[in-house]
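Engineer: So that you have it, the file is model_22.cif, and it contains mmCIF, C-alpha atoms and all ligand atoms:
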```
data_query
#
loop_
_atom_site.label_atom_id
_atom_site.label_comp_id
_atom_site.auth_asym_id
_atom_site.auth_seq_id
_atom_site.Cartn_x
_atom_site.Cartn_y
_atom_site.Cartn_z
CA MET A 1 -134.81 43.30 36.07
CA ASN A 2 -134.94 46.87 34.83
CA ARG A 3 -134.43 49.39 37.59
CA PRO A 4 -136.53 52.55 37.36
CA ALA A 5 -134.45 55.55 36.31
CA SER A 6 -133.74 57.65 39.36
CA PRO A 7 -135.00 61.20 39.04
CA ALA A 8 -132.31 63.81 38.60
CA LEU A 9 -131.39 65.30 41.95
CA PRO A 10 -131.90 69.04 42.24
CA ASP A 11 -128.71 71.05 42.85
CA ARG A 12 -130.01 72.14 46.20
CA LEU A 13 -132.42 70.47 48.58
CA PRO A 14 -134.78 72.46 50.82
CA GLY A 15 -132.84 73.54 53.90
CA ASP A 16 -129.44 73.42 52.17
CA PRO A 17 -127.43 76.56 52.83
CA ALA A 18 -127.35 79.07 49.96
CA PRO A 19 -124.32 78.60 47.69
CA PRO A 20 -121.59 81.25 47.79
CA LEU A 21 -121.95 84.13 45.38
CA LEU A 22 -118.21 84.15 44.77
CA ALA A 23 -115.80 81.32 45.57
CA GLY A 24 -112.06 81.32 45.01
CA SER A 25 -110.20 78.13 45.89
CA GLY A 26 -106.58 76.97 45.80
CA LEU A 27 -105.42 80.24 44.24
CA ARG A 28 -101.78 80.65 43.29
CA LYS A 29 -100.17 83.69 41.73
CA SER A 30 -96.54 84.65 41.13
CA PHE A 31 -95.08 87.90 39.87
CA GLY A 32 -91.73 86.86 38.43
CA LEU A 33 -89.97 85.04 41.26
CA THR A 34 -92.28 86.46 43.93
CA ARG A 35 -94.97 84.05 45.01
CA ALA A 36 -97.83 86.38 46.07
CA LEU A 37 -100.44 83.63 46.57
CA GLU A 38 -99.51 80.07 47.49
CA ASP A 39 -102.86 78.49 48.34
CA ALA A 40 -105.57 81.05 49.01
CA SER A 41 -109.31 80.46 49.22
CA LEU A 42 -112.23 82.71 50.02
CA SER A 43 -115.98 82.18 49.69
CA LEU A 44 -118.34 85.12 49.83
CA TYR A 45 -122.06 84.72 50.46
CA PRO A 46 -124.70 87.17 49.21
CA GLY A 47 -124.85 90.30 51.35
CA GLU A 48 -121.92 89.25 53.54
CA VAL A 49 -119.10 91.57 54.66
CA VAL A 50 -115.72 89.80 54.85
CA ALA A 51 -112.52 91.43 56.10
CA VAL A 52 -109.19 90.18 54.71
CA MET A 53 -106.40 90.83 57.20
CA GLY A 54 -102.75 89.88 57.55
CA PRO A 55 -99.24 91.29 57.47
CA SER A 56 -97.88 93.48 54.70
CA GLY A 57 -96.93 91.43 51.64
CA SER A 58 -99.01 88.41 52.67
CA GLY A 59 -101.08 88.53 49.46
CA LYS A 60 -104.25 90.35 50.54
CA SER A 61 -104.44 92.74 47.58
CA THR A 62 -103.50 90.01 45.11
CA LEU A 63 -106.30 87.83 46.48
CA LEU A 64 -108.78 90.70 46.11
CA HIS A 65 -107.59 91.42 42.55
CA CYS A 66 -107.93 87.74 41.58
CA LEU A 67 -111.45 87.50 43.03
CA ALA A 68 -112.46 90.69 41.20
CA GLY A 69 -111.20 89.43 37.85
CA VAL A 70 -108.49 92.10 37.69
CA VAL A 71 -105.56 89.65 37.97
CA ARG A 72 -105.66 86.14 36.53
CA PRO A 73 -104.36 83.50 38.95
CA ASP A 74 -101.77 80.94 37.75
CA ALA A 75 -103.77 78.11 39.32
CA GLY A 76 -106.97 77.56 41.27
CA THR A 77 -110.64 78.17 40.60
CA ILE A 78 -112.89 81.22 40.91
CA GLU A 79 -116.62 80.92 40.44
CA TYR A 80 -118.98 83.87 40.43
CA GLY A 81 -122.69 83.14 40.08
CA GLY A 82 -121.89 79.89 38.28
CA GLN A 83 -119.34 81.48 35.90
CA ASP A 84 -115.69 80.48 35.82
CA LEU A 85 -113.68 83.69 36.15
CA VAL A 86 -110.26 82.06 35.63
CA THR A 87 -111.01 81.20 32.01
CA ALA A 88 -113.46 84.05 31.24
CA SER A 89 -112.42 86.30 28.34
CA ASP A 90 -111.07 89.80 29.05
CA PRO A 91 -114.18 91.52 27.58
CA ARG A 92 -116.41 89.28 29.71
CA LEU A 93 -114.40 90.16 32.84
CA SER A 94 -114.52 93.89 32.15
CA ALA A 95 -118.29 93.72 31.53
CA LEU A 96 -118.68 91.89 34.84
CA ARG A 97 -116.53 94.41 36.69
CA ARG A 98 -118.59 97.28 35.26
CA SER A 99 -122.03 95.82 35.87
CA GLU A 100 -121.77 93.61 38.97
CA PHE A 101 -118.75 94.79 40.97
CA GLY A 102 -117.93 98.06 42.73
CA PHE A 103 -114.41 99.16 43.70
CA LEU A 104 -113.00 101.30 46.47
CA PHE A 105 -109.29 101.98 47.00
CA GLN A 106 -107.12 103.81 49.49
CA PHE A 107 -106.98 106.95 47.33
CA GLY A 108 -106.67 108.21 43.78
CA GLN A 109 -109.85 106.69 42.44
CA LEU A 110 -111.75 109.89 41.68
CA VAL A 111 -111.14 111.72 38.41
CA PRO A 112 -109.60 115.06 39.48
CA GLU A 113 -111.00 117.06 36.55
CA LEU A 114 -114.61 116.06 37.24
CA SER A 115 -116.90 117.39 39.97
CA CYS A 116 -117.90 115.01 42.77
CA LEU A 117 -121.36 114.75 41.18
CA GLU A 118 -119.86 113.84 37.79
CA ASN A 119 -117.51 111.33 39.44
CA VAL A 120 -120.37 109.52 41.14
CA ALA A 121 -122.48 109.63 37.97
CA LEU A 122 -119.62 108.27 35.83
CA PRO A 123 -120.31 104.52 36.19
CA LEU A 124 -123.93 105.10 35.12
CA ARG A 125 -122.85 107.32 32.21
CA LEU A 126 -120.48 104.55 31.07
CA GLY A 127 -123.44 102.19 31.29
CA GLY A 128 -125.36 104.38 28.81
CA TRP A 129 -127.51 106.46 31.17
CA SER A 130 -128.40 110.02 30.13
CA ARG A 131 -126.56 112.78 32.00
CA ARG A 132 -129.80 113.95 33.67
CA ARG A 133 -130.78 110.56 35.05
CA ALA A 134 -127.24 109.65 36.08
CA GLU A 135 -126.69 112.95 37.89
CA ARG A 136 -130.07 112.76 39.63
CA SER A 137 -129.11 109.37 41.03
CA ALA A 138 -125.60 110.62 41.88
CA ALA A 139 -127.08 113.54 43.85
CA GLU A 140 -129.20 111.09 45.88
CA TRP A 141 -126.13 108.97 46.63
CA LEU A 142 -124.08 111.99 47.69
CA ASP A 143 -126.89 113.00 50.08
CA ARG A 144 -127.04 109.48 51.44
CA LEU A 145 -123.32 109.61 52.25
CA ASP A 146 -123.72 113.07 53.88
CA VAL A 147 -121.66 114.82 51.18
CA GLY A 148 -124.47 116.35 49.12
CA GLY A 149 -122.91 119.81 49.62
CA LEU A 150 -119.83 118.73 47.66
CA ALA A 151 -121.64 117.99 44.39
CA ARG A 152 -120.08 120.91 42.46
CA LYS A 153 -116.64 120.68 44.08
CA THR A 154 -113.74 118.74 42.58
CA PRO A 155 -112.04 115.92 44.55
CA GLY A 156 -109.05 118.24 45.16
CA GLU A 157 -111.34 120.54 47.13
CA CYS A 158 -112.49 117.73 49.46
CA SER A 159 -110.85 116.38 52.62
CA GLY A 160 -109.65 112.77 52.56
CA GLY A 161 -112.70 111.54 54.45
CA GLN A 162 -115.11 113.47 52.24
CA GLY A 163 -113.38 112.12 49.12
CA GLN A 164 -113.71 108.56 50.40
CA ARG A 165 -117.43 109.05 51.02
CA VAL A 166 -117.80 110.33 47.45
CA ALA A 167 -115.90 107.19 46.34
CA VAL A 168 -118.27 104.97 48.36
CA ALA A 169 -121.20 106.60 46.53
CA ARG A 170 -119.49 105.91 43.22
CA ALA A 171 -118.76 102.28 44.14
CA LEU A 172 -122.41 101.63 45.05
CA ILE A 173 -124.34 103.67 42.48
CA THR A 174 -124.67 100.84 39.94
CA GLY A 175 -126.13 98.47 42.56
CA PRO A 176 -123.17 96.05 42.50
CA ARG A 177 -123.54 92.58 43.98
CA VAL A 178 -119.98 92.71 45.34
CA VAL A 179 -117.90 95.68 46.47
CA PHE A 180 -114.12 95.16 46.60
CA ALA A 181 -112.46 97.60 48.98
CA ASP A 182 -108.65 97.69 49.30
CA GLU A 183 -107.55 99.57 52.43
CA PRO A 184 -110.40 102.09 52.02
CA THR A 185 -109.54 103.78 55.33
CA GLY A 186 -105.75 103.44 55.06
CA ALA A 187 -105.17 107.15 54.38
CA LEU A 188 -107.66 108.46 56.96
CA ASP A 189 -107.48 109.33 60.64
CA SER A 190 -109.36 106.98 62.95
CA LEU A 191 -112.53 109.10 63.20
CA ASN A 192 -112.91 109.54 59.44
CA GLY A 193 -111.86 105.95 58.79
CA GLU A 194 -114.57 104.68 61.10
CA ARG A 195 -117.16 106.91 59.45
CA VAL A 196 -116.24 105.63 55.98
CA ILE A 197 -116.33 101.92 56.90
CA ARG A 198 -119.60 102.40 58.81
CA MET A 199 -121.21 104.18 55.86
CA LEU A 200 -119.88 101.63 53.39
CA THR A 201 -121.13 98.63 55.35
CA GLU A 202 -124.48 100.25 56.16
CA ALA A 203 -125.12 101.21 52.54
CA ALA A 204 -124.00 97.77 51.35
CA ARG A 205 -126.33 96.04 53.82
CA GLU A 206 -129.22 98.26 52.66
CA THR A 207 -128.60 97.47 48.99
CA GLY A 208 -127.77 93.79 49.58
CA ALA A 209 -124.22 94.10 48.22
CA ALA A 210 -121.54 91.78 49.61
CA VAL A 211 -118.22 93.41 50.56
CA VAL A 212 -114.64 92.14 50.59
CA VAL A 213 -112.53 94.64 52.51
CA VAL A 214 -108.75 94.38 52.81
CA THR A 215 -107.57 96.13 55.96
CA HIS A 216 -104.79 96.24 58.53
CA GLU A 217 -107.09 97.76 61.11
CA ALA A 218 -108.97 95.67 63.65
CA ARG A 219 -111.53 98.45 64.19
CA VAL A 220 -112.36 98.31 60.46
CA ALA A 221 -112.56 94.51 60.50
CA ALA A 222 -114.99 94.82 63.44
CA TYR A 223 -117.64 95.95 60.90
CA ALA A 224 -117.32 92.64 59.02
CA ASP A 225 -119.34 89.46 59.55
CA ARG A 226 -116.23 87.36 59.16
CA GLU A 227 -112.45 87.63 58.92
CA VAL A 228 -110.08 85.79 56.62
CA VAL A 229 -106.39 86.06 57.52
CA CYS A 230 -103.63 85.89 54.88
CA ARG A 231 -100.16 84.66 55.79
CA ASP A 232 -97.42 84.03 53.23
CA GLY A 233 -99.97 83.70 50.44
CA ARG A 234 -102.18 81.26 52.32
CA THR A 235 -105.57 81.97 53.88
CA LEU A 236 -106.91 81.06 57.26
CA ASP A 237 -110.63 81.58 57.86
CA THR A 238 -111.25 82.66 61.43
CA GLY A 239 -114.98 81.94 61.13
CA ALA A 240 -118.07 84.01 61.85
CA ARG A 241 -117.81 86.93 64.22
CA GLY A 242 -119.84 86.75 67.38
N1 LIG B 1 -97.82 93.62 40.21
C1 LIG B 1 -96.87 93.09 40.96
N2 LIG B 1 -95.63 92.90 40.50
C2 LIG B 1 -94.66 92.35 41.24
N3 LIG B 1 -94.83 91.93 42.52
C3 LIG B 1 -96.05 92.09 43.06
C4 LIG B 1 -97.13 92.67 42.32
N4 LIG B 1 -98.22 92.70 43.11
C5 LIG B 1 -97.84 92.15 44.29
N5 LIG B 1 -96.54 91.78 44.26
C6 LIG B 1 -95.80 91.13 45.35
O1 LIG B 1 -96.59 90.06 45.83
C7 LIG B 1 -96.54 89.99 47.26
C8 LIG B 1 -97.94 90.15 47.83
O2 LIG B 1 -98.38 91.48 47.56
P1 LIG B 1 -99.81 92.03 47.98
O3 LIG B 1 -99.87 93.45 47.55
O4 LIG B 1 -100.85 91.11 47.51
O5 LIG B 1 -99.72 91.93 49.58
P2 LIG B 1 -100.58 92.68 50.69
O6 LIG B 1 -100.80 91.70 51.78
O7 LIG B 1 -101.78 93.30 50.07
O8 LIG B 1 -99.56 93.81 51.15
P3 LIG B 1 -99.84 95.26 51.79
O9 LIG B 1 -100.61 95.03 53.05
O10 LIG B 1 -98.46 95.81 52.05
O11 LIG B 1 -100.59 96.06 50.77
C9 LIG B 1 -95.56 91.09 47.71
O12 LIG B 1 -94.29 90.50 47.87
C10 LIG B 1 -95.59 92.06 46.54
O13 LIG B 1 -94.37 92.75 46.45
#
```
What do you get writing this file as structure tokens?
Ligand SMILES: Nc1ncnc2c1ncn2[C@@H]1O[C@H](COP(=O)(O)OP(=O)(O)OP(=O)(O)O)[C@@H](O)[C@H]1O

Structural biologist:
Amino acid sequence: MNRPASPALPDRLPGDPAPPLLAGSGLRKSFGLTRALEDASLSLYPGEVVAVMGPSGSGKSTLLHCLAGVVRPDAGTIEYGGQDLVTASDPRLSALRRSEFGFLFQFGQLVPELSCLENVALPLRLGGWSRRRAERSAAEWLDRLDVGGLARKTPGECSGGQGQRVAVARALITGPRVVFADEPTGALDSLNGERVIRMLTEAARETGAAVVVVTHEARVAAYADREVVCRDGRTLDTGARG
């Protein structure tokens, strides 16, 4: 007897949880004889803020760089929106980093010769926007981060906390789906550090961007929805925060 062909099952059924936006699994990475990642995994859901914590040298930055397509892992899988980032070409990865990802580091990310306004406008200019449009949007972002008065100043004329708020504006101006932040408050005192992480997470939640933030500081991780702990190149997910 011929059996009726079963209809193709949809990828997701009603009520299924949304798939992760970005999922790295079983990641391994060595630099020469140093094994930076042994077996690291991290899934990031749309709009979620995840803190990556752990001791110095445990592989946090390497994990972030792999997930962002900056460093290619030796083994493991990374999927972003259905694309395989491990095998993606270099031009594809740089296009993705420019259009879908935002980056924030501890320091040194602003171009010293440009004004704060020009720094924030830069990602849009690189994306082909006219100077006028890009700088109008940059001015709005600087106002949003409470540093509108610094538009004509250079990064060297800003305090560390002000510079980081300018850098947050620059990381978010293109409307990234994921912001990767590596110790964004590491060079700041506790008051300024708190202000930067609060403004970053608030702005990300307003724009719907997900955030992966590497930090040593529990008070920074407190702004995250979830913590992932790295130890000796392995990850341990501590689950959702209450
Ligand atoms: N480009 C590189 N070349 C050589 N070794 C590297 C490189 N990047 C990382 N490592 C090594 O890999 C290991 C993990 O480094 P990683 O920076 O990922 O750790 P981390 O947890 O972010 O450390 P920290 O908190 O001190 O920044 C360390 O032993 C580090 O020295």

Engineer: Which residues are near region 144-149 of chain A? Cut-off 10 Å, all atoms listed in the file, ignore same chain within fewer than 4 positions. Put them as an NGL selection string.

Structural biologist: :A and (116-117 or 138-140 or 153 or 158 or 162-169 or 195-196 or 199-200 or 203)

Engineer: Compute the distance from (-109.0, 83.6, 45.6) to each atom, counting all atoms listed in the file, keep the residues with any atom at most 7 Å away, and return them as JSON, numbers by chain; use the coordinates of the file.

Structural biologist: {"A": [24, 25, 27, 40, 41, 42, 63, 66, 67, 78]}

Engineer: Could you write out that same residue set with C-alpha atoms as a short mmCIF file (atom, residue, chain, number, x, y, z; two decimals), in the coordinates of the input?

Structural biologist:
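Full text of again.cif as output:
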```cif
data_model
loop_
_atom_site.label_atom_id
_atom_site.label_comp_id
_atom_site.auth_asym_id
_atom_site.auth_seq_id
_atom_site.Cartn_x
_atom_site.Cartn_y
_atom_site.Cartn_z
CA GLY A 24 -112.06 81.32 45.01
CA SER A 25 -110.20 78.13 45.89
CA LEU A 27 -105.42 80.24 44.24
CA ALA A 40 -105.57 81.05 49.01
CA SER A 41 -109.31 80.46 49.22
CA LEU A 42 -112.23 82.71 50.02
CA LEU A 63 -106.30 87.83 46.48
CA CYS A 66 -107.93 87.74 41.58
CA LEU A 67 -111.45 87.50 43.03
CA ILE A 78 -112.89 81.22 40.91
#
```

Engineer: Identify, on the basis of only C-alpha atoms, every residue whose closest approach to Ala36 (chain A) does not exceed 10 Å; exclude the query and any residue fewer than 6 positions from it along the same chain; express the result as a PyMOL selection string.

Structural biologist: chain A and resi 27-30+57-63+232-234

Engineer: Given the choices A:Leu93, A:Val86, A:Leu104, A:Ala151, which gets closest to Val214 (chain A) if the distance is worked out from only C-alpha atoms?

Structural biologist: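 That would be A:Leu104, the residue with the smallest distance to Val214 (chain A).
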
Engineer: With all atoms listed in the file as the basis for distance, which of A:Val211, A:Leu236, A:Thr201, A:Ala222 is at the shortest distance from Pro46 (chain A)?

Structural biologist: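 That would be A:Val211, the residue with the smallest distance to Pro46 (chain A).
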
Engineer: Closest to ligand LIG 1 (chain B) among A:Leu64, A:Val178, A:Leu44, A:Val49, using all atoms listed in the file?

Structural biologist: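 Using all atoms listed in the file, ligand LIG 1 (chain B) sits closest to A:Leu64.
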
Engineer: Give me the residues within 7 Å of Arg177 (chain A) as a ChimeraX atom specification, counting only C-alpha atoms and dropping any in the same chain fewer than 3 places off.

Structural biologist: /A:100-101,209-210

Engineer: Is it possible to get the residues within 12 Å of (-110.5, 79.1, 31.0) (coordinates as in the file, counting only C-alpha atoms) written as JSON, numbers by chain?

Structural biologist: {"A": [72, 73, 74, 75, 76, 77, 78, 79, 83, 84, 85, 86, 87, 88, 89, 90, 92, 93]}

Engineer: Using only C-alpha atoms, which of A:Val71, A:Met53, A:Ala134, A:Leu96 sits nearest Glu183 (chain A)?

Structural biologist: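 Ranking A:Val71, A:Met53, A:Ala134, A:Leu96 by distance to Glu183 (chain A), first place goes to A:Met53.
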
Engineer: Quote the spacing between CA of Leu126 (chain A) and CA of Trp141 (chain A) in Å to one decimal place.

Structural biologist: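 Between CA of Leu126 (chain A) and CA of Trp141 (chain A) the gap works out to 17.1 Å.
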
Engineer: Could you work out how far CA of Glu194 (chain A) lies from CA of Pro155 (chain A), giving the answer in Å with one decimal?

Structural biologist: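 Taking CA of Pro155 (chain A) as the start and CA of Glu194 (chain A) as the end point, the length is 20.2 Å.
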
Engineer: Using only C-alpha atoms, I'd like a table of the residues in region 9-113 of chain A that come within 12 Å of region 118-125 of chain A; for each, show the closest atom pair and its distance in Å rounded to one decimal, ordered by chain and ascending number, as JSON lines.

Structural biologist:
```
{"residue": "A:Ala95", "atom": "CA", "partner": "A:Pro123", "partner_atom": "CA", "distance": 11.9}
{"residue": "A:Arg97", "atom": "CA", "partner": "A:Pro123", "partner_atom": "CA", "distance": 10.8}
{"residue": "A:Arg98", "atom": "CA", "partner": "A:Pro123", "partner_atom": "CA", "distance": 7.5}
{"residue": "A:Ser99", "atom": "CA", "partner": "A:Pro123", "partner_atom": "CA", "distance": 8.9}
{"residue": "A:Glu100", "atom": "CA", "partner": "A:Pro123", "partner_atom": "CA", "distance": 11.4}
{"residue": "A:Phe101", "atom": "CA", "partner": "A:Pro123", "partner_atom": "CA", "distance": 11.0}
{"residue": "A:Gly102", "atom": "CA", "partner": "A:Pro123", "partner_atom": "CA", "distance": 9.5}
{"residue": "A:Phe103", "atom": "CA", "partner": "A:Pro123", "partner_atom": "CA", "distance": 11.0}
{"residue": "A:Gln109", "atom": "CA", "partner": "A:Asn119", "partner_atom": "CA", "distance": 9.4}
{"residue": "A:Leu110", "atom": "CA", "partner": "A:Asn119", "partner_atom": "CA", "distance": 6.3}
{"residue": "A:Val111", "atom": "CA", "partner": "A:Asn119", "partner_atom": "CA", "distance": 6.5}
{"residue": "A:Pro112", "atom": "CA", "partner": "A:Asn119", "partner_atom": "CA", "distance": 8.7}
{"residue": "A:Glu113", "atom": "CA", "partner": "A:Asn119", "partner_atom": "CA", "distance": 9.1}
```

Engineer: When distances are computed from all atoms listed in the file, which of A:Ile197, A:Val212, A:Gly175, A:Leu142 shows the smallest separation from Arg226 (chain A)?

Structural biologist: A:Val212

Engineer: I'd like the interatomic distance between atom C2 of ligand LIG 1 (chain B) and CA of Val228 (chain A), to a tenth of an Å.

Structural biologist: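 Answer for the atom C2 of ligand LIG 1 (chain B) to CA of Val228 (chain A) separation: 22.7 Å.
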
Engineer: Please report, as lines of an AutoDock Vina configuration file, the centre and edge lengths in Å to one decimal of an axis-aligned box covering all listed atoms of ligand LIG 1 (chain B) with 5 Å per side.

Structural biologist:
```
center_x = -98.0
center_y = 93.0
center_z = 46.6
size_x = 17.5
size_y = 16.1
size_z = 22.8
```

Engineer: Would you kindly place N, CA and C atoms on region 47-58 of chain A and return the model as a PDB file, in the coordinates of the input?

Structural biologist:
```pdb
ATOM      1  N   GLY A  47    -124.602  89.323  50.290  1.00  0.00           N
ATOM      2  CA  GLY A  47    -124.850  90.300  51.350  1.00  0.00           C
ATOM      3  C   GLY A  47    -123.865  90.268  52.513  1.00  0.00           C
ATOM      4  N   GLU A  48    -122.858  89.402  52.425  1.00  0.00           N
ATOM      5  CA  GLU A  48    -121.920  89.250  53.540  1.00  0.00           C
ATOM      6  C   GLU A  48    -120.774  90.264  53.451  1.00  0.00           C
ATOM      7  N   VAL A  49    -120.273  90.702  54.617  1.00  0.00           N
ATOM      8  CA  VAL A  49    -119.100  91.570  54.660  1.00  0.00           C
ATOM      9  C   VAL A  49    -117.929  90.759  55.225  1.00  0.00           C
ATOM     10  N   VAL A  50    -116.881  90.588  54.416  1.00  0.00           N
ATOM     11  CA  VAL A  50    -115.720  89.800  54.850  1.00  0.00           C
ATOM     12  C   VAL A  50    -114.487  90.691  54.871  1.00  0.00           C
ATOM     13  N   ALA A  51    -113.762  90.671  55.991  1.00  0.00           N
ATOM     14  CA  ALA A  51    -112.520  91.430  56.100  1.00  0.00           C
ATOM     15  C   ALA A  51    -111.350  90.498  55.809  1.00  0.00           C
ATOM     16  N   VAL A  52    -110.422  90.948  54.971  1.00  0.00           N
ATOM     17  CA  VAL A  52    -109.190  90.180  54.710  1.00  0.00           C
ATOM     18  C   VAL A  52    -108.068  90.912  55.423  1.00  0.00           C
ATOM     19  N   MET A  53    -107.448  90.225  56.378  1.00  0.00           N
ATOM     20  CA  MET A  53    -106.400  90.830  57.200  1.00  0.00           C
ATOM     21  C   MET A  53    -105.098  90.067  57.023  1.00  0.00           C
ATOM     22  N   GLY A  54    -104.031  90.575  57.624  1.00  0.00           N
ATOM     23  CA  GLY A  54    -102.750  89.880  57.550  1.00  0.00           C
ATOM     24  C   GLY A  54    -101.621  90.856  57.355  1.00  0.00           C
ATOM     25  N   PRO A  55    -100.387  90.392  57.568  1.00  0.00           N
ATOM     26  CA  PRO A  55     -99.240  91.290  57.470  1.00  0.00           C
ATOM     27  C   PRO A  55     -99.016  91.821  56.067  1.00  0.00           C
ATOM     28  N   SER A  56     -98.224  92.886  55.989  1.00  0.00           N
ATOM     29  CA  SER A  56     -97.880  93.480  54.700  1.00  0.00           C
ATOM     30  C   SER A  56     -97.168  92.437  53.832  1.00  0.00           C
ATOM     31  N   GLY A  57     -97.562  92.367  52.570  1.00  0.00           N
ATOM     32  CA  GLY A  57     -96.930  91.430  51.640  1.00  0.00           C
ATOM     33  C   GLY A  57     -97.449  90.011  51.718  1.00  0.00           C
ATOM     34  N   SER A  58     -98.510  89.789  52.501  1.00  0.00           N
ATOM     35  CA  SER A  58     -99.010  88.410  52.670  1.00  0.00           C
ATOM     36  C   SER A  58     -99.943  87.972  51.537  1.00  0.00           C
TER      37      SER A  58
END
```
